[in-house]
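See structure below.
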Amino acid sequence: MLWQPGSIRSRRALAVQARHTPGTGAQAGDGDIGRVWMLLALLCAVQAIAWTLVPALVYTAPPLDVVENYFIGAQQLVGVVTHPALPGWLLDLTRYWTGHTGWPAYVLSQAAICITFLLTFQLGREVIGAGRALAATLLLPWIIYFGWFTPSFNHDIVQMPLWAGVALAQWRAVETGRAHWWIALG
């Protein structure tokens with residue numbers, strides 16, 4: 001079936017109506033939203049603790065991308081030939097606040113991953129309902145980029161919550177038509 005203007009809105013309106021109409025087969029997890037948020041918080045806590053402690057205890061030195069970004073941040077560069085300097089600035093802030101290098105990069109990386117989980121869940125909740133969105137979000141750690149590569153805080157990790165936020169803002173801009181979502185998109 002070809003896409004028609006308003007077809008997504010119509011399907012979403014029907015899904016919202018079905019969720020709020022008793023006896024129409026609400027999606028699993030929508031009725032108990034507190035438990036859904038608790039499971040999401042548990043996912044973020046396990047992800048953050050595991051992928052912060054294990055590298056901090058096992059690695060003898062930070063990954064090369066982290067070391068490079070510490071140097072870029074310490075020099076207060078606006079940008080380098082290959083990338084903007086946002087990861088370097090964030091790492092330099094953590095070094096300034098904590099006085100350490102290494103484990104603060106792992107904490108910062110997991111904060112970005114958990115924000116990505118939350119934004120992805122929010123988008124999924126609005127599109128397919130809370131239960132299915134939770135199931136999709138719980139599957140994200142099985143993707144290698146949300147696990148094995150996360151100790152290396154680099155541009156890929158910094159971009160994850162930004163792109164998830166862009167997708168959520170774009171969905172809300174199209175669905176609501178409100179100007180502040182379009183402004184948020186830039």
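Chain labels follow the order of the structure tokens: the first chain is A, the next B, and so on; residue numbering restarts at 1 in every chain, and ligands are counted from 1 in their shown order.
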For this session: Name the residues in contact with Ala112 of chain A at a cut-off of 7 Å, using only C-alpha atoms, excluding same-chain residues fewer than 2 positions from it; report them as a ChimeraX atom specification.
Result: /A:108-110,114-116,157-158,161
For this session: Tell me, as number ranges by chain, which residues lie within 12 Å of Val36 of chain A, counting only C-alpha atoms; anything in the same chain fewer than 4 positions away does not count.
Result: A: 28-32, 40-43, 118, 121-122, 125, 129-135, 137-138
For this session: Write out as a PyMOL selection string the residues lying within 10 Å of segment 170-173 of chain A, counting only C-alpha atoms and excluding same-chain residues fewer than 4 positions away.
Result: chain A and resi 123+126-127+164-166+177-185
Could you name the residues that touch Phe153 of chain A at 10 Å or less, counting only C-alpha atoms, but leaving out those on the same chain fewer than 4 positions away, as a PDB file with N, CA, C and O atoms, in the first residue's frame?
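Ended up saving to part.pdb:
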ATOM      1  N   PRO A  62      42.991   3.531  28.956  1.00  0.00           N
ATOM      2  CA  PRO A  62      41.773   3.835  28.180  1.00  0.00           C
ATOM      3  C   PRO A  62      41.970   3.485  26.707  1.00  0.00           C
ATOM      4  O   PRO A  62      43.099   3.451  26.207  1.00  0.00           O
ATOM      5  N   PRO A  63      40.876   3.241  25.977  1.00  0.00           N
ATOM      6  CA  PRO A  63      40.994   2.999  24.529  1.00  0.00           C
ATOM      7  C   PRO A  63      41.612   4.199  23.814  1.00  0.00           C
ATOM      8  O   PRO A  63      41.571   5.330  24.312  1.00  0.00           O
ATOM      9  N   LEU A  64      42.173   3.956  22.636  1.00  0.00           N
ATOM     10  CA  LEU A  64      42.900   5.007  21.913  1.00  0.00           C
ATOM     11  C   LEU A  64      42.027   6.205  21.578  1.00  0.00           C
ATOM     12  O   LEU A  64      42.495   7.353  21.642  1.00  0.00           O
ATOM     13  N   ASP A  65      40.762   5.973  21.208  1.00  0.00           N
ATOM     14  CA  ASP A  65      39.872   7.101  20.910  1.00  0.00           C
ATOM     15  C   ASP A  65      39.681   7.987  22.131  1.00  0.00           C
ATOM     16  O   ASP A  65      39.588   9.213  22.016  1.00  0.00           O
ATOM     17  N   VAL A  66      39.625   7.387  23.292  1.00  0.00           N
ATOM     18  CA  VAL A  66      39.449   8.155  24.531  1.00  0.00           C
ATOM     19  C   VAL A  66      40.699   8.994  24.801  1.00  0.00           C
ATOM     20  O   VAL A  66      40.599  10.181  25.130  1.00  0.00           O
ATOM     21  N   VAL A  67      41.859   8.395  24.616  1.00  0.00           N
ATOM     22  CA  VAL A  67      43.113   9.136  24.835  1.00  0.00           C
ATOM     23  C   VAL A  67      43.213  10.301  23.857  1.00  0.00           C
ATOM     24  O   VAL A  67      43.551  11.433  24.252  1.00  0.00           O
ATOM     25  N   ASN A  69      40.776  11.895  22.402  1.00  0.00           N
ATOM     26  CA  ASN A  69      39.798  12.921  22.750  1.00  0.00           C
ATOM     27  C   ASN A  69      40.173  13.662  24.029  1.00  0.00           C
ATOM     28  O   ASN A  69      39.840  14.838  24.173  1.00  0.00           O
ATOM     29  N   PRO A  87      33.260  15.307  21.848  1.00  0.00           N
ATOM     30  CA  PRO A  87      33.707  14.290  22.807  1.00  0.00           C
ATOM     31  C   PRO A  87      34.921  14.736  23.620  1.00  0.00           C
ATOM     32  O   PRO A  87      35.012  14.452  24.817  1.00  0.00           O
ATOM     33  N   GLY A  88      35.823  15.443  22.994  1.00  0.00           N
ATOM     34  CA  GLY A  88      36.993  15.937  23.715  1.00  0.00           C
ATOM     35  C   GLY A  88      36.628  16.933  24.797  1.00  0.00           C
ATOM     36  O   GLY A  88      37.162  16.906  25.903  1.00  0.00           O
ATOM     37  N   LEU A  90      33.726  17.129  26.371  1.00  0.00           N
ATOM     38  CA  LEU A  90      33.036  16.415  27.450  1.00  0.00           C
ATOM     39  C   LEU A  90      34.021  15.637  28.315  1.00  0.00           C
ATOM     40  O   LEU A  90      33.914  15.627  29.553  1.00  0.00           O
ATOM     41  N   LEU A  91      34.998  14.987  27.677  1.00  0.00           N
ATOM     42  CA  LEU A  91      36.009  14.253  28.445  1.00  0.00           C
ATOM     43  C   LEU A  91      36.863  15.201  29.280  1.00  0.00           C
ATOM     44  O   LEU A  91      37.227  14.876  30.414  1.00  0.00           O
ATOM     45  N   PRO A 104      35.970   7.973  34.226  1.00  0.00           N
ATOM     46  CA  PRO A 104      34.943   8.967  33.872  1.00  0.00           C
ATOM     47  C   PRO A 104      34.496   8.863  32.406  1.00  0.00           C
ATOM     48  O   PRO A 104      33.340   9.136  32.089  1.00  0.00           O
ATOM     49  N   ALA A 105      35.395   8.421  31.534  1.00  0.00           N
ATOM     50  CA  ALA A 105      35.020   8.232  30.132  1.00  0.00           C
ATOM     51  C   ALA A 105      34.006   7.103  30.002  1.00  0.00           C
ATOM     52  O   ALA A 105      33.071   7.192  29.196  1.00  0.00           O
ATOM     53  N   TYR A 106      34.164   6.067  30.801  1.00  0.00           N
ATOM     54  CA  TYR A 106      33.213   4.951  30.757  1.00  0.00           C
ATOM     55  C   TYR A 106      31.845   5.385  31.295  1.00  0.00           C
ATOM     56  O   TYR A 106      30.814   4.990  30.755  1.00  0.00           O
ATOM     57  N   VAL A 107      31.844   6.199  32.331  1.00  0.00           N
ATOM     58  CA  VAL A 107      30.579   6.712  32.878  1.00  0.00           C
ATOM     59  C   VAL A 107      29.886   7.599  31.844  1.00  0.00           C
ATOM     60  O   VAL A 107      28.674   7.483  31.614  1.00  0.00           O
ATOM     61  N   LEU A 108      30.642   8.475  31.226  1.00  0.00           N
ATOM     62  CA  LEU A 108      30.086   9.373  30.213  1.00  0.00           C
ATOM     63  C   LEU A 108      29.525   8.594  29.022  1.00  0.00           C
ATOM     64  O   LEU A 108      28.441   8.900  28.514  1.00  0.00           O
ATOM     65  N   SER A 109      30.234   7.574  28.625  1.00  0.00           N
ATOM     66  CA  SER A 109      29.778   6.741  27.526  1.00  0.00           C
ATOM     67  C   SER A 109      28.471   6.042  27.867  1.00  0.00           C
ATOM     68  O   SER A 109      27.535   6.014  27.053  1.00  0.00           O
ATOM     69  N   GLN A 110      28.360   5.517  29.071  1.00  0.00           N
ATOM     70  CA  GLN A 110      27.129   4.825  29.462  1.00  0.00           C
ATOM     71  C   GLN A 110      25.975   5.802  29.660  1.00  0.00           C
ATOM     72  O   GLN A 110      24.817   5.438  29.442  1.00  0.00           O
ATOM     73  N   ALA A 112      25.495   8.376  27.747  1.00  0.00           N
ATOM     74  CA  ALA A 112      25.019   8.584  26.370  1.00  0.00           C
ATOM     75  C   ALA A 112      24.188   7.394  25.902  1.00  0.00           C
ATOM     76  O   ALA A 112      23.142   7.569  25.262  1.00  0.00           O
ATOM     77  N   PHE A 149      31.457  -1.975  22.113  1.00  0.00           N
ATOM     78  CA  PHE A 149      32.187  -0.773  21.697  1.00  0.00           C
ATOM     79  C   PHE A 149      31.974   0.422  22.622  1.00  0.00           C
ATOM     80  O   PHE A 149      32.596   1.464  22.438  1.00  0.00           O
ATOM     81  N   ILE A 157      29.639   7.238  19.853  1.00  0.00           N
ATOM     82  CA  ILE A 157      28.853   7.165  21.091  1.00  0.00           C
ATOM     83  C   ILE A 157      28.125   8.490  21.336  1.00  0.00           C
ATOM     84  O   ILE A 157      26.960   8.500  21.727  1.00  0.00           O
ATOM     85  N   VAL A 158      28.799   9.602  21.088  1.00  0.00           N
ATOM     86  CA  VAL A 158      28.180  10.916  21.304  1.00  0.00           C
ATOM     87  C   VAL A 158      26.999  11.126  20.361  1.00  0.00           C
ATOM     88  O   VAL A 158      25.998  11.742  20.734  1.00  0.00           O
TER      89      VAL A 158
END
Exercise. Per DSSP on the backbone, what are the alpha helix (DSSP H) residues of chain A, as an MDAnalysis selection string?
Worked result: chainID A and resid 7:20 33:58 64:74 86:98 103:128 130:139 155:176 179:185
With C-alpha atoms kept, could you save the residues just selected as a short mmCIF file (atom, residue, chain, number, x, y, z; two decimals), in the first residue's frame?
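Dumped everything to part33.cif:
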data_model
loop_
_atom_site.label_atom_id
_atom_site.label_comp_id
_atom_site.auth_asym_id
_atom_site.auth_seq_id
_atom_site.Cartn_x
_atom_site.Cartn_y
_atom_site.Cartn_z
CA SER A 7 -2.23 7.52 6.98
CA ILE A 8 0.27 7.36 9.85
CA ARG A 9 -1.79 9.81 11.85
CA SER A 10 -4.92 7.76 11.19
CA ARG A 11 -3.29 4.50 12.29
CA ARG A 12 -1.85 6.20 15.37
CA ALA A 13 -5.22 7.72 16.25
CA LEU A 14 -6.82 4.28 15.97
CA ALA A 15 -4.10 2.75 18.16
CA VAL A 16 -4.53 5.46 20.81
CA GLN A 17 -8.30 5.03 20.70
CA ALA A 18 -7.91 1.25 21.07
CA ARG A 19 -5.59 1.70 24.06
CA HIS A 20 -8.06 3.95 25.85
CA ILE A 33 3.30 2.05 32.72
CA GLY A 34 5.05 2.19 36.12
CA ARG A 35 6.39 -1.33 35.67
CA VAL A 36 7.52 -0.48 32.14
CA TRP A 37 9.52 2.51 33.40
CA MET A 38 10.94 0.37 36.23
CA LEU A 39 12.20 -2.22 33.72
CA LEU A 40 13.66 0.54 31.58
CA ALA A 41 15.43 2.00 34.62
CA LEU A 42 16.75 -1.48 35.49
CA LEU A 43 18.08 -1.86 31.94
CA CYS A 44 19.88 1.49 32.18
CA ALA A 45 21.29 0.67 35.63
CA VAL A 46 22.62 -2.75 34.58
CA GLN A 47 24.06 -1.32 31.35
CA ALA A 48 25.75 1.58 33.12
CA ILE A 49 27.14 -0.44 36.03
CA ALA A 50 28.37 -3.38 33.95
CA TRP A 51 29.99 -1.36 31.17
CA THR A 52 31.56 1.08 33.62
CA LEU A 53 32.95 -1.37 36.16
CA VAL A 54 34.22 -4.08 33.83
CA PRO A 55 36.41 -1.80 31.67
CA ALA A 56 37.55 0.18 34.74
CA LEU A 57 38.69 -3.02 36.43
CA VAL A 58 40.04 -4.87 33.39
CA LEU A 64 42.90 5.01 21.91
CA ASP A 65 39.87 7.10 20.91
CA VAL A 66 39.45 8.16 24.53
CA VAL A 67 43.11 9.14 24.84
CA GLU A 68 42.94 11.12 21.59
CA ASN A 69 39.80 12.92 22.75
CA TYR A 70 41.37 13.74 26.12
CA PHE A 71 44.21 15.47 24.26
CA ILE A 72 41.80 17.32 21.96
CA GLY A 73 39.74 18.45 24.97
CA ALA A 74 42.80 19.55 26.93
CA LEU A 86 32.44 17.62 21.39
CA PRO A 87 33.71 14.29 22.81
CA GLY A 88 36.99 15.94 23.71
CA TRP A 89 35.25 18.80 25.49
CA LEU A 90 33.04 16.41 27.45
CA LEU A 91 36.01 14.25 28.45
CA ASP A 92 37.97 17.33 29.50
CA LEU A 93 35.05 18.40 31.69
CA THR A 94 34.98 14.99 33.39
CA ARG A 95 38.75 15.16 33.92
CA TYR A 96 38.36 18.65 35.40
CA TRP A 97 35.51 17.60 37.72
CA THR A 98 36.95 14.26 38.87
CA TRP A 103 36.68 5.57 34.40
CA PRO A 104 34.94 8.97 33.87
CA ALA A 105 35.02 8.23 30.13
CA TYR A 106 33.21 4.95 30.76
CA VAL A 107 30.58 6.71 32.88
CA LEU A 108 30.09 9.37 30.21
CA SER A 109 29.78 6.74 27.53
CA GLN A 110 27.13 4.82 29.46
CA ALA A 111 25.21 8.03 30.14
CA ALA A 112 25.02 8.58 26.37
CA ILE A 113 23.87 4.99 25.83
CA CYS A 114 21.19 5.24 28.54
CA ILE A 115 19.90 8.52 27.10
CA THR A 116 19.69 6.77 23.74
CA PHE A 117 17.68 3.96 25.35
CA LEU A 118 15.26 6.46 26.90
CA LEU A 119 14.76 8.45 23.69
CA THR A 120 14.33 5.29 21.66
CA PHE A 121 11.74 4.04 24.13
CA GLN A 122 9.87 7.37 23.98
CA LEU A 123 9.71 7.23 20.19
CA GLY A 124 8.65 3.60 20.23
CA ARG A 125 6.00 4.29 22.87
CA GLU A 126 4.43 6.96 20.68
CA VAL A 127 4.54 4.82 17.55
CA ILE A 128 3.81 1.25 18.69
CA ALA A 130 4.71 1.07 25.63
CA GLY A 131 4.88 -2.73 25.75
CA ARG A 132 6.33 -3.17 22.29
CA ALA A 133 8.61 -0.17 22.73
CA LEU A 134 9.98 -1.72 25.92
CA ALA A 135 10.59 -5.02 24.13
CA ALA A 136 12.43 -3.22 21.33
CA THR A 137 14.50 -1.20 23.81
CA LEU A 138 15.38 -4.33 25.80
CA LEU A 139 16.78 -5.83 22.58
CA HIS A 155 32.05 10.45 18.15
CA ASP A 156 29.98 7.34 17.45
CA ILE A 157 28.85 7.17 21.09
CA VAL A 158 28.18 10.92 21.30
CA GLN A 159 26.03 10.79 18.17
CA MET A 160 23.71 8.02 19.40
CA PRO A 161 21.55 10.15 21.73
CA LEU A 162 21.66 13.06 19.29
CA TRP A 163 20.26 10.95 16.45
CA ALA A 164 17.67 9.33 18.70
CA GLY A 165 16.60 12.82 19.78
CA VAL A 166 16.39 13.96 16.16
CA ALA A 167 14.16 11.00 15.28
CA LEU A 168 11.88 11.70 18.25
CA ALA A 169 11.68 15.43 17.48
CA GLN A 170 10.94 14.72 13.83
CA TRP A 171 8.17 12.30 14.73
CA ARG A 172 6.61 14.79 17.12
CA ALA A 173 6.97 17.63 14.61
CA VAL A 174 5.13 15.69 11.93
CA GLU A 175 2.49 14.30 14.30
CA THR A 176 1.70 17.48 16.21
CA ALA A 179 6.56 24.86 15.61
CA HIS A 180 8.80 24.17 18.63
CA TRP A 181 9.50 20.61 17.40
CA TRP A 182 10.49 21.94 13.99
CA ILE A 183 12.71 24.52 15.69
CA ALA A 184 14.28 21.75 17.79
CA LEU A 185 15.20 19.99 14.57
#
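For the pair atom CA of Pro141 of chain A and atom CA of Ala61 of chain A, the interatomic distance is 24.2 Å.
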